[in-house]
Structures are given as C-alpha cells and as structure tokens.
file input.txt (compact mmCIF, C-alpha atoms)
# COMPACT_ATOMS: atom_id res chain seq x y z
CA MET A 1427 0.00 0.00 0.00
CA THR A 1428 1.28 3.45 -0.87
CA THR A 1429 0.49 6.77 0.69
CA MET A 1430 0.04 10.10 -1.01
CA ASP A 1431 2.22 13.03 -0.01
CA GLU A 1432 -0.21 15.81 0.91
CA ASN A 1433 2.43 18.47 0.26
CA ALA A 1434 3.24 17.25 -3.25
CA THR A 1435 2.67 19.83 -5.96
CA PRO A 1436 0.93 18.82 -9.20
CA THR A 1437 3.14 18.30 -12.21
CA PRO A 1438 3.14 20.99 -14.92
CA GLU A 1439 1.94 18.40 -17.47
CA LEU A 1440 -1.15 17.70 -15.39
CA ASP A 1441 -1.83 21.40 -14.98
CA ALA A 1442 -1.58 21.95 -18.75
CA ALA A 1443 -3.92 19.03 -19.42
CA GLN A 1444 -6.40 20.30 -16.85
CA HIS A 1445 -6.19 23.78 -18.36
CA ASP A 1446 -6.90 22.40 -21.86
CA TYR A 1447 -9.79 20.36 -20.50
CA LEU A 1448 -11.29 23.42 -18.78
CA GLN A 1449 -10.96 25.45 -21.97
CA ILE A 1450 -12.82 22.74 -23.88
CA LEU A 1451 -15.57 22.66 -21.25
CA ASP A 1452 -15.86 26.47 -21.40
CA ALA A 1453 -16.19 26.29 -25.20
CA ILE A 1454 -18.90 23.63 -24.89
CA GLN A 1455 -20.73 25.65 -22.23
CA SER A 1456 -20.78 28.89 -24.20
CA GLY A 1457 -21.76 27.05 -27.39
CA ALA A 1458 -24.59 25.22 -25.64
CA LEU A 1459 -25.95 28.42 -24.12
CA ARG A 1460 -25.85 30.21 -27.49
CA LEU A 1461 -27.65 27.28 -29.12
CA LEU A 1462 -30.31 27.08 -26.40
CA ALA A 1463 -30.95 30.82 -26.55
CA GLY A 1464 -31.60 30.57 -30.30
CA PHE A 1465 -34.36 27.95 -30.08
CA PRO A 1466 -37.97 29.20 -29.97
CA ALA A 1467 -38.73 26.30 -27.58
CA GLN A 1468 -36.52 24.05 -25.50
CA PRO A 1469 -35.27 21.04 -27.49
CA SER A 1470 -35.71 17.50 -26.19
CA GLY A 1471 -31.97 16.94 -26.24
CA LEU A 1472 -28.65 18.49 -27.13
CA ARG A 1473 -25.32 16.86 -28.02
CA ILE A 1474 -22.14 18.87 -28.41
CA GLN A 1475 -18.75 17.45 -29.30
CA VAL A 1476 -15.47 19.34 -29.17
CA GLY A 1477 -12.48 17.20 -30.03
CA GLU A 1478 -12.75 14.02 -27.99
CA VAL A 1479 -15.09 15.55 -25.40
CA THR A 1480 -18.83 15.00 -25.89
CA VAL A 1481 -21.56 16.46 -23.70
CA GLU A 1482 -25.15 15.29 -24.01
CA ALA A 1483 -28.22 16.69 -22.28
CA GLN A 1484 -31.76 15.29 -22.40
CA TRP A 1485 -34.88 17.00 -21.09
CA PRO A 1486 -38.05 15.12 -20.17
CA GLN A 1487 -40.85 15.33 -22.70
CA GLY A 1488 -44.28 16.33 -21.55
CA PRO A 1489 -46.83 19.08 -21.79
CA GLY A 1490 -45.23 22.53 -21.96
CA GLU A 1491 -46.86 24.12 -18.96
CA ALA A 1492 -49.17 22.34 -16.58
CA ALA A 1493 -52.75 23.52 -16.76
CA VAL A 1494 -54.98 23.63 -13.71
CA SER A 1495 -58.00 21.39 -14.17
CA ALA A 1496 -61.44 22.91 -13.73
CA GLY A 1497 -62.20 20.91 -10.55
CA ALA A 1498 -58.83 21.43 -8.87
CA ALA A 1499 -58.60 23.63 -5.83
CA PRO A 1500 -56.05 26.44 -6.11
CA ALA A 1501 -52.82 26.01 -4.19
CA PRO A 1502 -52.50 28.04 -0.99
CA ALA A 1503 -50.71 31.34 -1.44
CA PRO A 1504 -47.03 31.22 -0.47
CA ALA A 1505 -45.69 33.41 2.31
CA THR A 1506 -43.54 35.36 -0.20
CA ASP A 1507 -44.51 37.54 -3.13
CA VAL A 1508 -44.06 34.60 -5.53
CA ALA A 1509 -47.31 33.92 -7.41
CA THR A 1510 -48.62 30.48 -8.33
CA GLU A 1511 -50.16 31.43 -11.65
CA VAL A 1512 -49.89 34.12 -14.32
CA PRO A 1513 -52.82 36.45 -14.98
CA VAL A 1514 -53.99 35.55 -18.49
CA THR A 1515 -53.64 39.05 -19.89
CA ASP A 1516 -50.23 39.94 -18.48
CA PRO A 1517 -47.09 39.44 -20.59
CA VAL A 1518 -44.21 37.55 -18.99
CA ILE A 1519 -40.43 37.72 -18.72
CA ARG A 1520 -39.04 34.28 -19.54
CA ALA A 1521 -35.94 32.28 -18.59
CA PRO A 1522 -33.15 32.73 -21.16
CA SER A 1523 -31.78 29.24 -20.44
CA VAL A 1524 -32.17 26.07 -18.44
CA GLY A 1525 -30.64 26.58 -15.00
CA VAL A 1526 -31.24 27.86 -11.48
CA PHE A 1527 -33.16 31.12 -11.02
CA TYR A 1528 -31.96 33.78 -8.58
CA ARG A 1529 -33.86 36.95 -7.70
CA SER A 1530 -30.85 38.84 -6.29
CA PRO A 1531 -27.25 39.45 -7.39
CA GLN A 1532 -25.83 37.47 -4.44
CA PRO A 1533 -27.08 35.60 -1.37
CA GLY A 1534 -28.50 37.94 1.24
CA ALA A 1535 -28.77 40.91 -1.16
CA GLU A 1536 -32.02 42.68 -1.98
CA PRO A 1537 -33.89 41.19 -4.98
CA PHE A 1538 -33.49 42.93 -8.33
CA VAL A 1539 -37.26 43.64 -8.39
CA ALA A 1540 -40.38 43.11 -6.29
CA VAL A 1541 -44.06 43.11 -7.16
CA GLY A 1542 -45.10 46.68 -7.95
CA ASP A 1543 -41.66 47.82 -9.16
CA ARG A 1544 -41.43 49.65 -12.46
CA VAL A 1545 -39.03 48.17 -14.99
CA SER A 1546 -37.68 49.66 -18.17
CA PRO A 1547 -36.52 47.75 -21.27
CA GLY A 1548 -33.14 46.14 -20.63
CA ARG A 1549 -33.32 46.34 -16.83
CA GLN A 1550 -31.98 43.25 -15.09
CA VAL A 1551 -34.68 41.53 -13.04
CA GLY A 1552 -32.96 38.23 -12.16
CA ILE A 1553 -30.24 35.72 -12.95
CA VAL A 1554 -30.28 32.19 -14.33
CA GLU A 1555 -27.19 30.16 -13.46
CA ALA A 1556 -26.33 27.53 -16.05
CA MET A 1557 -23.15 25.49 -15.72
CA LYS A 1558 -21.60 28.14 -13.42
CA LEU A 1559 -22.38 30.89 -15.93
CA MET A 1560 -24.59 33.71 -14.63
CA ILE A 1561 -27.04 34.74 -17.37
CA PRO A 1562 -28.89 38.00 -16.71
CA VAL A 1563 -32.67 37.99 -17.01
CA THR A 1564 -33.77 41.34 -18.43
CA ALA A 1565 -37.06 43.02 -19.17
CA GLU A 1566 -37.77 43.34 -22.89
CA ALA A 1567 -40.39 46.05 -22.40
CA GLY A 1568 -41.29 48.61 -19.78
CA GLY A 1569 -44.00 48.00 -17.23
CA VAL A 1570 -44.87 47.21 -13.63
CA VAL A 1571 -44.07 43.78 -12.15
CA THR A 1572 -47.39 42.10 -11.28
CA ALA A 1573 -46.13 38.68 -10.12
CA ILE A 1574 -42.94 36.76 -9.44
CA LEU A 1575 -43.56 33.24 -10.68
CA LYS A 1576 -40.50 31.37 -9.38
CA GLN A 1577 -38.87 31.09 -5.97
CA ASP A 1578 -35.24 32.06 -5.47
CA GLY A 1579 -33.13 28.96 -6.16
CA ASP A 1580 -35.79 27.16 -8.24
CA SER A 1581 -34.70 25.14 -11.25
CA VAL A 1582 -36.12 26.60 -14.45
CA GLN A 1583 -36.48 25.43 -18.02
CA PHE A 1584 -35.68 27.42 -21.14
CA ASP A 1585 -38.44 29.96 -21.91
CA GLU A 1586 -40.27 29.30 -18.63
CA PRO A 1587 -42.15 32.35 -17.26
CA LEU A 1588 -40.33 33.99 -14.34
CA PHE A 1589 -42.20 37.31 -13.92
CA SER A 1590 -45.42 38.81 -15.19
CA TYR A 1591 -45.86 42.53 -15.73
CA SER A 1592 -48.39 45.04 -16.95
CA PRO A 1593 -46.98 46.97 -19.90
CA GLU A 1594 -46.82 50.76 -19.89

call {"tool": "encode", "arguments": {"input": "input.txt", "output": "structure tokens"}}
result
Amino acid sequence: MTTMDENATPTPELDAAQHDYLQILDAIQSGALRLLAGFPAQPSGLRIQVGEVTVEAQWPQGPGEAAVSAGAAPAPAPATDVATEVPVTDPVIRAPSVGVFYRSPQPGAEPFVAVGDRVSPGRQVGIVEAMKLMIPVTAEAGGVVTAILKQDGDSVQFDEPLFSYSPE
C-alpha cells in the first residue's frame, strides 16, 4: 500500500492538461448556451462534441406548462410575493436558459425587483445560473411587475415564465 504526499505539488503536465480540459468545457458551455438561446422552444436533447469531449443533455418530454383542471382547488398562497399562476392578460419575462433562477445578485442581497416595481426595457430583473455561468434575465419592455412566478433557487427550463408585468 502506498500513501500520497499531501504536500506534493501537481506536475506541470497535469496542470496543462487540466487547463486544456477546462478550456474545452468552457467552449462547450458557451456554445450550448448560445444554441439554447436561439431555439424558440426548449429542445428534447442536445449533443455537443469538441475534439474528444462529448456532452449530451436530455430533457423530459411532456406538456409545456401544466394547466390547472377545472375541478382542482387552487394552491395556498405562499408566504412570499411569488405567485402560483400568471394572470392571463399579463405578458411575462421568460428564462433565457435552463438553469437555477436567482432573484438577487448574491445571497442575502435585496432582490433585483419586487411586485409593484417599475421596470424599463433592458433592466436586469434576475439571474439564471447555467453550468456556473450567470445569465442575466432582463425586461424586454417597460412596465410594472405584477407577479414573481418562481422562488429564489428554483430550477427553471428554457423559456419558462419567471415574472409577469403590466406593460406601460
């Protein structure tokens, strides 16, 4: 049995290989995010190959957004300002990518927006983290936020509604 020297430094060859590997992963990540942002709807799967590295992602197939049946009782209102459903007439701000949704720039910070806040086109209203890349969620049009549809830290799908707003 051999033991590993905890004070041993990694060899330069290993560092160079790790660096190349990380560069390939970064290229795959940015390419995947660009591809996903260009689709009008989330694809069922994605396969990207760079050199000898291949990354595949599959998403479950099912109805786009769950509809509430006529006989179902509405869910109880959460203790936060996160809504459970979108008013039919209000436009929505959607997730730019698959990932994890965050309402604030960092843990413990104030959220970018709250219900009742006015937003202008291009204003950042949230973040979606995808593969350690922080993708800003921005308002495409001006208006007043009427509902926040996802909790901080929720997983989101591409094009999933995050906020609703009344246009100005």

call {"tool": "atom_distance", "arguments": {"input": "input.txt", "atom1": "atom CA of Met1557 of chain A", "atom2": "atom CA of Ser1590 of chain A"}}
result
26.0 Å

call {"tool": "closest_residue", "arguments": {"input": "input.txt", "among": "A:Ser1546, A:Ser1470, A:Ser1530, A:Gln1577", "to": "Pro1562 of chain A", "atoms": "only C-alpha atoms"}}
result
A:Ser1530

call {"tool": "residues_around", "arguments": {"input": "input.txt", "residues": "Arg1529 of chain A", "least_positions_apart": "2", "cutoff": "9 Å", "atoms": "only C-alpha atoms", "output": "count of residues only"}}
result
15

call {"tool": "closest_residue", "arguments": {"input": "input.txt", "among": "A:Gly1568, A:Leu1575, A:Ala1483, A:Asp1516", "to": "Val1545 of chain A", "atoms": "all atoms listed in the file"}}
result
A:Gly1568

call {"tool": "atom_distance", "arguments": {"input": "input.txt", "atom1": "atom CA of Gly1525 of chain A", "atom2": "atom CA of Gln1583 of chain A"}}
result
6.7 Å

call {"tool": "atom_distance", "arguments": {"input": "input.txt", "atom1": "atom CA of Val1518 of chain A", "atom2": "atom CA of Ser1592 of chain A"}}
result
8.8 Å

call {"tool": "closest_residue", "arguments": {"input": "input.txt", "among": "A:Lys1558, A:Arg1520, A:Arg1549, A:Arg1544", "to": "Glu1586 of chain A", "atoms": "all atoms listed in the file"}}
result
A:Arg1520

call {"tool": "closest_residue", "arguments": {"input": "input.txt", "among": "A:Gln1550, A:Gln1444, A:Thr1564, A:Ser1523", "to": "Ser1581 of chain A", "atoms": "only C-alpha atoms"}}
result
A:Ser1523

call {"tool": "closest_residue", "arguments": {"input": "input.txt", "among": "A:Asp1446, A:Leu1472, A:Ala1556, A:Tyr1528", "to": "Leu1588 of chain A", "atoms": "only C-alpha atoms"}}
result
A:Tyr1528

call {"tool": "closest_residue", "arguments": {"input": "input.txt", "among": "A:Ala1540, A:Val1582, A:Ile1561, A:Val1571", "to": "Pro1517 of chain A", "atoms": "only C-alpha atoms"}}
result
A:Val1571
